file data.cif (mmCIF, C-alpha atoms)
data_my_file
#
loop_
_atom_site.group_PDB
_atom_site.id
_atom_site.type_symbol
_atom_site.label_atom_id
_atom_site.label_comp_id
_atom_site.auth_asym_id
_atom_site.auth_seq_id
_atom_site.Cartn_x
_atom_site.Cartn_y
_atom_site.Cartn_z
ATOM 1 C CA MET W 122 0.000 0.000 0.000
ATOM 2 C CA LYS W 123 1.337 3.409 -0.966
ATOM 3 C CA MET W 124 1.892 5.731 1.993
ATOM 4 C CA ARG W 125 1.133 9.417 1.542
ATOM 5 C CA THR W 126 1.229 12.251 4.072
ATOM 6 C CA VAL W 127 -1.569 14.616 5.045
ATOM 7 C CA TYR W 128 0.480 17.401 3.481
ATOM 8 C CA GLU W 129 0.072 15.931 -0.008
ATOM 9 C CA PRO W 130 -2.778 17.116 -2.270
ATOM 10 C CA GLU W 131 -4.480 13.695 -2.235
ATOM 11 C CA PHE W 132 -5.525 14.259 1.388
ATOM 12 C CA ALA W 133 -7.790 17.129 0.328
ATOM 13 C CA ALA W 134 -10.522 14.613 -0.588
ATOM 14 C CA TYR W 135 -10.547 13.387 3.019
ATOM 15 C CA GLY W 136 -9.661 16.346 5.211
ATOM 16 C CA ARG W 137 -7.264 19.218 5.799
ATOM 17 C CA VAL W 138 -4.359 20.276 7.981
ATOM 18 C CA ILE W 139 -5.387 22.976 10.469
ATOM 19 C CA ASN W 140 -2.996 25.749 11.458
ATOM 20 C CA GLY W 141 -3.215 28.643 13.901
ATOM 21 C CA TYR W 142 -3.976 26.850 17.185
ATOM 22 C CA ASP W 143 -1.507 26.526 20.069
ATOM 23 C CA THR W 144 -1.732 22.839 20.989
ATOM 24 C CA LYS W 145 1.318 22.689 23.293
ATOM 25 C CA ALA W 146 -0.670 22.364 26.543
ATOM 26 C CA LEU W 147 -2.938 19.760 24.979
ATOM 27 C CA THR W 148 0.045 17.732 23.810
ATOM 28 C CA GLU W 149 1.659 17.908 27.253
ATOM 29 C CA ALA W 150 -1.563 16.788 28.954
ATOM 30 C CA MET W 151 -1.839 13.841 26.569
ATOM 31 C CA LEU W 152 1.535 12.522 27.717
ATOM 32 C CA HIS W 153 -0.164 11.531 30.986
ATOM 33 C CA THR W 154 -2.891 9.458 29.302
ATOM 34 C CA PRO W 155 -2.727 5.623 29.171
ATOM 35 C CA LEU W 156 -0.884 3.862 26.366
ATOM 36 C CA PRO W 157 -2.023 0.209 26.382
ATOM 37 C CA GLU W 158 -0.777 -2.706 24.313
ATOM 38 C CA ASP W 159 -4.118 -2.771 22.476
ATOM 39 C CA VAL W 160 -6.282 0.323 21.782
ATOM 40 C CA VAL W 161 -8.234 2.493 24.204
ATOM 41 C CA TYR W 162 -10.740 5.191 23.247
ATOM 42 C CA VAL W 163 -12.108 7.706 25.743
ATOM 43 C CA ALA W 164 -14.633 10.118 24.253
ATOM 44 C CA SER W 165 -14.557 12.890 26.859
ATOM 45 C CA VAL W 166 -11.792 13.859 29.298
ATOM 46 C CA PRO W 167 -12.619 16.814 31.590
ATOM 47 C CA GLU W 168 -8.942 17.712 32.055
ATOM 48 C CA LEU W 169 -8.477 18.107 28.309
ATOM 49 C CA GLU W 170 -11.768 19.951 27.875
ATOM 50 C CA ALA W 171 -10.736 22.456 30.579
ATOM 51 C CA LEU W 172 -7.734 23.647 28.570
ATOM 52 C CA PRO W 173 -8.088 27.062 26.850
ATOM 53 C CA VAL W 174 -7.604 25.520 23.401
ATOM 54 C CA ALA W 175 -10.800 23.496 23.890
ATOM 55 C CA ALA W 176 -12.906 26.665 23.850
ATOM 56 C CA GLU W 177 -10.941 27.841 20.821
ATOM 57 C CA PHE W 178 -11.739 24.607 18.962
ATOM 58 C CA ALA W 179 -15.423 24.925 19.838
ATOM 59 C CA ASP W 180 -15.656 28.559 18.765
ATOM 60 C CA GLY W 181 -13.489 28.304 15.670
ATOM 61 C CA ILE W 182 -13.410 24.866 14.093
ATOM 62 C CA TYR W 183 -16.903 23.865 15.240
ATOM 63 C CA GLY W 184 -18.600 27.247 14.785
ATOM 64 C CA GLN W 185 -19.564 27.745 18.452
ATOM 65 C CA MET W 186 -21.060 24.276 18.833
ATOM 66 C CA PRO W 187 -20.513 22.146 21.972
ATOM 67 C CA ILE W 188 -17.713 19.613 21.623
ATOM 68 C CA GLN W 189 -16.004 16.815 23.504
ATOM 69 C CA ILE W 190 -12.279 16.132 23.640
ATOM 70 C CA GLY W 191 -10.904 12.680 24.307
ATOM 71 C CA TYR W 192 -8.230 10.395 22.978
ATOM 72 C CA CYS W 193 -7.451 7.178 21.135
ATOM 73 C CA ASN W 194 -4.165 5.620 22.265
ATOM 74 C CA GLY W 195 -2.380 2.326 21.964
ATOM 75 C CA HIS W 196 -0.802 -0.101 19.556
ATOM 76 C CA ASN W 197 -2.486 -1.057 16.291
ATOM 77 C CA LYS W 198 -1.517 -2.210 12.806
ATOM 78 C CA LYS W 199 -4.874 -3.395 11.416
ATOM 79 C CA LEU W 200 -7.881 -1.799 9.728
ATOM 80 C CA ASN W 201 -10.588 -3.896 11.538
ATOM 81 C CA ALA W 202 -13.449 -1.481 10.748
ATOM 82 C CA LEU W 203 -14.366 1.868 9.246
ATOM 83 C CA GLU W 204 -16.745 4.427 10.714
ATOM 84 C CA TYR W 205 -18.209 7.809 9.841
ATOM 85 C CA HIS W 206 -20.101 10.596 11.581
ATOM 86 C CA ARG W 207 -22.460 13.350 10.479
ATOM 87 C CA ASP W 208 -19.801 15.880 11.463
ATOM 88 C CA SER W 209 -16.082 16.350 11.014
ATOM 89 C CA GLU W 210 -13.653 14.830 13.494
ATOM 90 C CA VAL W 211 -10.550 16.745 14.541
ATOM 91 C CA ASN W 212 -7.383 14.844 15.445
ATOM 92 C CA LEU W 213 -4.126 15.995 16.973
ATOM 93 C CA ALA W 214 -1.306 13.518 16.402
ATOM 94 C CA VAL W 215 0.645 13.570 19.653
ATOM 95 C CA THR W 216 2.953 10.938 18.169
ATOM 96 C CA ASP W 217 3.563 9.981 14.567
ATOM 97 C CA LEU W 218 0.679 7.835 13.326
ATOM 98 C CA VAL W 219 -0.993 6.494 10.199
ATOM 99 C CA LEU W 220 -4.668 6.790 9.273
ATOM 100 C CA LEU W 221 -6.314 4.190 7.039
ATOM 101 C CA ILE W 222 -9.188 6.024 5.384
ATOM 102 C CA GLY W 223 -11.744 5.822 2.601
ATOM 103 C CA LYS W 224 -14.808 7.600 1.229
ATOM 104 C CA GLN W 225 -18.377 7.139 2.391
ATOM 105 C CA GLN W 226 -19.446 7.601 -1.229
ATOM 106 C CA ASP W 227 -17.775 4.282 -2.076
ATOM 107 C CA ILE W 228 -20.007 2.268 0.252
ATOM 108 C CA GLY W 229 -22.192 0.075 -1.972
ATOM 109 C CA GLU W 230 -25.963 0.057 -2.146
ATOM 110 C CA ASP W 231 -25.857 -3.108 -0.029
ATOM 111 C CA TYR W 232 -23.704 -1.256 2.541
ATOM 112 C CA THR W 233 -20.571 -3.230 1.820
ATOM 113 C CA TYR W 234 -17.207 -1.604 1.209
ATOM 114 C CA ASP W 235 -14.180 -3.027 -0.616
ATOM 115 C CA THR W 236 -11.055 -2.517 1.497
ATOM 116 C CA SER W 237 -8.895 -2.255 -1.630
ATOM 117 C CA LEU W 238 -10.177 1.331 -1.845
ATOM 118 C CA VAL W 239 -8.568 2.286 1.489
ATOM 119 C CA GLU W 240 -5.661 4.743 1.419
ATOM 120 C CA ALA W 241 -2.934 5.277 4.032
ATOM 121 C CA PHE W 242 -1.848 8.729 5.221
ATOM 122 C CA PHE W 243 1.017 9.489 7.578
ATOM 123 C CA VAL W 244 0.294 12.167 10.194
ATOM 124 C CA PRO W 245 3.469 13.597 11.766
ATOM 125 C CA ALA W 246 3.533 14.290 15.491
ATOM 126 C CA GLY W 247 2.198 17.758 16.286
ATOM 127 C CA THR W 248 -0.114 17.913 13.270
ATOM 128 C CA LEU W 249 -3.726 19.019 13.762
ATOM 129 C CA ILE W 250 -6.141 17.775 11.103
ATOM 130 C CA GLU W 251 -9.818 17.817 10.267
ATOM 131 C CA VAL W 252 -11.253 14.528 9.002
ATOM 132 C CA TYR W 253 -14.380 15.297 6.990
ATOM 133 C CA ALA W 254 -17.744 13.759 7.869
ATOM 134 C CA THR W 255 -17.765 11.668 4.688
ATOM 135 C CA THR W 256 -14.333 10.174 5.408
ATOM 136 C CA LEU W 257 -14.308 6.578 6.595
ATOM 137 C CA HIS W 258 -11.798 6.099 9.410
ATOM 138 C CA TYR W 259 -11.101 4.097 12.553
ATOM 139 C CA ALA W 260 -8.304 3.665 15.103
ATOM 140 C CA PRO W 261 -4.910 4.995 13.954
ATOM 141 C CA CYS W 262 -1.913 2.743 13.404
ATOM 142 C CA HIS W 263 1.374 3.198 15.231
ATOM 143 C CA THR W 264 4.647 3.765 13.417
ATOM 144 C CA GLN W 265 7.007 3.085 16.324
ATOM 145 C CA GLU W 266 7.146 0.397 18.997
ATOM 146 C CA GLY W 267 6.129 2.911 21.649
ATOM 147 C CA GLY W 268 2.612 3.068 20.213
ATOM 148 C CA PHE W 269 0.482 6.081 19.296
ATOM 149 C CA ARG W 270 -1.384 8.862 21.076
ATOM 150 C CA CYS W 271 -4.098 10.821 19.259
ATOM 151 C CA VAL W 272 -6.488 13.532 20.455
ATOM 152 C CA VAL W 273 -10.055 13.050 19.214
ATOM 153 C CA VAL W 274 -12.416 16.044 19.037
ATOM 154 C CA LEU W 275 -16.070 15.517 18.088
ATOM 155 C CA PRO W 276 -19.476 17.122 18.663
ATOM 156 C CA LYS W 277 -20.638 16.521 22.225
ATOM 157 C CA GLY W 278 -22.417 13.197 22.734
ATOM 158 C CA THR W 279 -20.780 11.374 19.838
ATOM 159 C CA ASN W 280 -19.982 7.713 20.531
ATOM 160 C CA GLU W 281 -22.238 7.490 23.576
ATOM 161 C CA ALA W 282 -24.436 4.424 23.930
ATOM 162 C CA LEU W 283 -27.547 4.299 21.766
ATOM 163 C CA LYS W 284 -31.010 4.669 23.230
ATOM 164 C CA THR W 285 -32.920 1.425 23.596
ATOM 165 C CA GLY W 286 -34.955 0.499 20.577
ATOM 166 C CA GLY W 287 -33.170 2.156 17.708
ATOM 167 C CA ASN W 288 -34.131 3.176 14.205
ATOM 168 C CA GLU W 289 -35.621 0.958 11.534
ATOM 169 C CA HIS W 290 -36.385 3.473 8.809
ATOM 170 C CA ASN W 291 -33.893 2.396 6.141
ATOM 171 C CA ALA W 292 -31.000 0.020 5.464
ATOM 172 C CA GLU W 293 -28.335 2.423 6.748
ATOM 173 C CA ASP W 294 -29.776 2.162 10.248
ATOM 174 C CA LYS W 295 -28.153 -1.261 10.682
ATOM 175 C CA LEU W 296 -24.761 0.501 10.607
ATOM 176 C CA LEU W 297 -25.572 2.715 13.610
ATOM 177 C CA PHE W 298 -23.205 1.453 16.304
ATOM 178 C CA ALA W 299 -23.265 4.347 18.786
ATOM 179 C CA ARG W 300 -24.589 7.882 18.830
ATOM 180 C CA ASN W 301 -23.460 9.707 15.695
ATOM 181 C CA LYS W 302 -21.345 6.678 14.730
ATOM 182 C CA TRP W 303 -22.081 4.487 11.710
ATOM 183 C CA LEU W 304 -19.711 1.527 11.484
ATOM 184 C CA VAL W 305 -18.805 -1.056 8.853
ATOM 185 C CA GLY W 306 -16.721 -3.847 10.365
ATOM 186 C CA HIS W 307 -14.526 -6.645 9.081
ATOM 187 C CA ARG W 308 -15.246 -10.245 10.020
ATOM 188 C CA GLU W 309 -11.673 -10.479 11.377
ATOM 189 C CA GLY W 310 -11.937 -7.247 13.348
ATOM 190 C CA GLY W 311 -13.044 -8.701 16.676
ATOM 191 C CA LEU W 312 -16.223 -6.620 16.835
ATOM 192 C CA PRO W 313 -19.367 -7.423 18.838
ATOM 193 C CA ASP W 314 -22.094 -9.600 17.305
ATOM 194 C CA TYR W 315 -24.371 -6.622 16.679
ATOM 195 C CA ALA W 316 -21.840 -4.810 14.454
ATOM 196 C CA TRP W 317 -22.524 -4.645 10.715
ATOM 197 C CA LEU W 318 -19.747 -6.669 9.044
ATOM 198 C CA GLY W 319 -19.777 -5.096 5.623
ATOM 199 C CA LEU W 320 -16.057 -4.780 4.841
ATOM 200 C CA THR W 321 -15.076 -7.100 2.003
ATOM 201 C CA GLY W 322 -11.532 -7.983 1.030
ATOM 202 C CA GLU W 323 -8.410 -7.993 3.166
ATOM 203 C CA ASN W 324 -8.348 -6.766 6.740
ATOM 204 C CA ILE W 325 -5.464 -4.462 5.889
ATOM 205 C CA THR W 326 -2.367 -4.806 8.058
ATOM 206 C CA LEU W 327 0.490 -2.307 7.969
ATOM 207 C CA GLU W 328 3.943 -3.850 7.993
#
call {"tool": "encode", "arguments": {"input": "data.cif", "output": "structure tokens"}}
result
Amino acid sequence: MKMRTVYEPEFAAYGRVINGYDTKALTEAMLHTPLPEDVVYVASVPELEALPVAAEFADGIYGQMPIQIGYCNGHNKKLNALEYHRDSEVNLAVTDLVLLIGKQQDIGEDYTYDTSLVEAFFVPAGTLIEVYATTLHYAPCHTQEGGFRCVVVLPKGTNEALKTGGNEHNAEDKLLFARNKWLVGHREGGLPDYAWLGLTGENITLE
């Protein structure tokens, strides 16, 4: 798989690099977050949300909408699944990391997605990016044995547990995995039984 960086023009179809924000305090705070041998995701961390840059993200990037700031840390080399939201996700790469991403528009009418369409983008440590709402993404991959740390900013409430019942209006509803989170998993991804396993092809593994 060809590896590009988020500074190359091909990334423009998926997101953008964001400049102008002082993320030093956020980076320093992230150094105290767990770094497990697998992957951990925490949607909302009060200590991160109390930093001045959090209000700047909410006012600027999210147009004065309420947000949550958490993290995704750990060790990972596999695709396993792809997800999307109705809003952009903002990531700060605290360490070097790689994103495996695709386009929501390439999901088939039967809600399957061919993993051969996935592209890999290297995100250097210290880079702040926006991942567009139509970009399929999941946990980052590490590039060094020490693992990865990544800040995850999303609209408040995203990834919380679904209400009981759920929607049954159209076929896309079977992808709804958590609040504001539609997920297409791979059969080798170790996901719960209720996940929609619509990824076809290889469960991509970075060497």
call {"tool": "resolve_selection", "arguments": {"input": "data.cif", "expression": "the PyMOL selection byres ((chain W and resi 202) around 9)", "output": "list of chain:residue names"}}
result
W:Lys199, W:Leu200, W:Asn201, W:Leu203, W:Glu204, W:His258, W:Tyr259, W:Ala260, W:Leu304, W:Val305, W:Gly306, W:His307, W:Arg308, W:Gly310, W:Leu312, W:Leu318, W:Gly319, W:Leu320, W:Asn324
call {"tool": "residues_near_point", "arguments": {"input": "data.cif", "point": "(-0.5, 17.8, 19.3)", "cutoff": "12 Å", "atoms": "only C-alpha atoms", "output": "PyMOL selection string"}}
result
chain W and resi 139-140+142-152+174+192+211-218+244-250+269-273
call {"tool": "atom_distance", "arguments": {"input": "data.cif", "atom1": "atom CA of Ala164 of chain W", "atom2": "atom CA of Cys193 of chain W"}}
result
8.4 Å
call {"tool": "axis_aligned_box", "arguments": {"input": "data.cif", "around": "segment 229-247 of chain W", "padding_each_side": "8 Å", "output": "JSON"}}
result
{"center_x": -11.2, "center_y": 7.3, "center_z": 7.1, "size_x": 45.5, "size_y": 37.0, "size_z": 34.4}
call {"tool": "closest_residue", "arguments": {"input": "data.cif", "among": "W:Gly184, W:Glu281, W:Lys198, W:Gln265", "to": "Ala241 of chain W", "atoms": "all atoms listed in the file"}}
result
W:Lys198
call {"tool": "resolve_selection", "arguments": {"input": "data.cif", "expression": "the PyMOL selection byres ((chain W and resi 267) around 12)", "output": "PyMOL selection string"}}
result
chain W and resi 155-159+194-197+216-218+262-266+268-270
call {"tool": "write_last_selection", "arguments": {"input": "data.cif", "atoms": "C-alpha atoms", "output": "PDB file, in the coordinates of the input"}}
result
ATOM      1  CA  PRO W 155      -2.727   5.623  29.171  1.00  0.00           C
ATOM      2  CA  LEU W 156      -0.884   3.862  26.366  1.00  0.00           C
ATOM      3  CA  PRO W 157      -2.023   0.209  26.382  1.00  0.00           C
ATOM      4  CA  GLU W 158      -0.777  -2.706  24.313  1.00  0.00           C
ATOM      5  CA  ASP W 159      -4.118  -2.771  22.476  1.00  0.00           C
ATOM      6  CA  ASN W 194      -4.165   5.620  22.265  1.00  0.00           C
ATOM      7  CA  GLY W 195      -2.380   2.326  21.964  1.00  0.00           C
ATOM      8  CA  HIS W 196      -0.802  -0.101  19.556  1.00  0.00           C
ATOM      9  CA  ASN W 197      -2.486  -1.057  16.291  1.00  0.00           C
ATOM     10  CA  THR W 216       2.953  10.938  18.169  1.00  0.00           C
ATOM     11  CA  ASP W 217       3.563   9.981  14.567  1.00  0.00           C
ATOM     12  CA  LEU W 218       0.679   7.835  13.326  1.00  0.00           C
ATOM     13  CA  CYS W 262      -1.913   2.743  13.404  1.00  0.00           C
ATOM     14  CA  HIS W 263       1.374   3.198  15.231  1.00  0.00           C
ATOM     15  CA  THR W 264       4.647   3.765  13.417  1.00  0.00           C
ATOM     16  CA  GLN W 265       7.007   3.085  16.324  1.00  0.00           C
ATOM     17  CA  GLU W 266       7.146   0.397  18.997  1.00  0.00           C
ATOM     18  CA  GLY W 268       2.612   3.068  20.213  1.00  0.00           C
ATOM     19  CA  PHE W 269       0.482   6.081  19.296  1.00  0.00           C
ATOM     20  CA  ARG W 270      -1.384   8.862  21.076  1.00  0.00           C
TER      21      ARG W 270
END
call {"tool": "residues_around", "arguments": {"input": "data.cif", "residues": "Glu323 of chain W", "least_positions_apart": "5", "cutoff": "9 Å", "atoms": "only C-alpha atoms", "output": "PDB file with C-alpha atoms, in the coordinates of the input"}}
result
ATOM      1  CA  ASP W 235     -14.180  -3.027  -0.616  1.00  0.00           C
ATOM      2  CA  THR W 236     -11.055  -2.517   1.497  1.00  0.00           C
ATOM      3  CA  SER W 237      -8.895  -2.255  -1.630  1.00  0.00           C
ATOM      4  CA  HIS W 307     -14.526  -6.645   9.081  1.00  0.00           C
TER       5      HIS W 307
END
call {"tool": "closest_residue", "arguments": {"input": "data.cif", "among": "W:Phe178, W:Trp317, W:Tyr205, W:Tyr183", "to": "Gln226 of chain W", "atoms": "only C-alpha atoms"}}
result
W:Tyr205
call {"tool": "resolve_selection", "arguments": {"input": "data.cif", "expression": "the PyMOL selection byres ((chain W and resi 252) around 12)", "output": "number ranges by chain"}}
result
W: 127, 132-139, 182, 204-213, 220-224, 242, 244, 249-251, 253-259, 273-275
call {"tool": "closest_residue", "arguments": {"input": "data.cif", "among": "W:Thr326, W:Ser165, W:Asn301, W:Thr154", "to": "Ala282 of chain W", "atoms": "all atoms listed in the file"}}
result
W:Asn301
call {"tool": "atom_distance", "arguments": {"input": "data.cif", "atom1": "atom CA of Thr321 of chain W", "atom2": "atom CA of Tyr234 of chain W"}}
result
5.9 Å
call {"tool": "residues_near_point", "arguments": {"input": "data.cif", "point": "(-30.1, -1.6, 12.2)", "cutoff": "12 Å", "atoms": "all atoms listed in the file", "output": "list in words"}}
result
Tyr232, Leu283, Gly286, Gly287, Asn288, Glu289, His290, Asn291, Ala292, Glu293, Asp294, Lys295, Leu296, Leu297, Phe298, Ala299, Trp303, Leu304, Val305, Tyr315, Ala316, Trp317 and Leu318 of chain W
call {"tool": "atom_distance", "arguments": {"input": "data.cif", "atom1": "atom CA of Gly311 of chain W", "atom2": "atom CA of Leu327 of chain W"}}
result
17.3 Å
call {"tool": "closest_residue", "arguments": {"input": "data.cif", "among": "W:Ile325, W:Ile190, W:Leu238, W:Val161", "to": "Ala175 of chain W", "atoms": "only C-alpha atoms"}}
result
W:Ile190
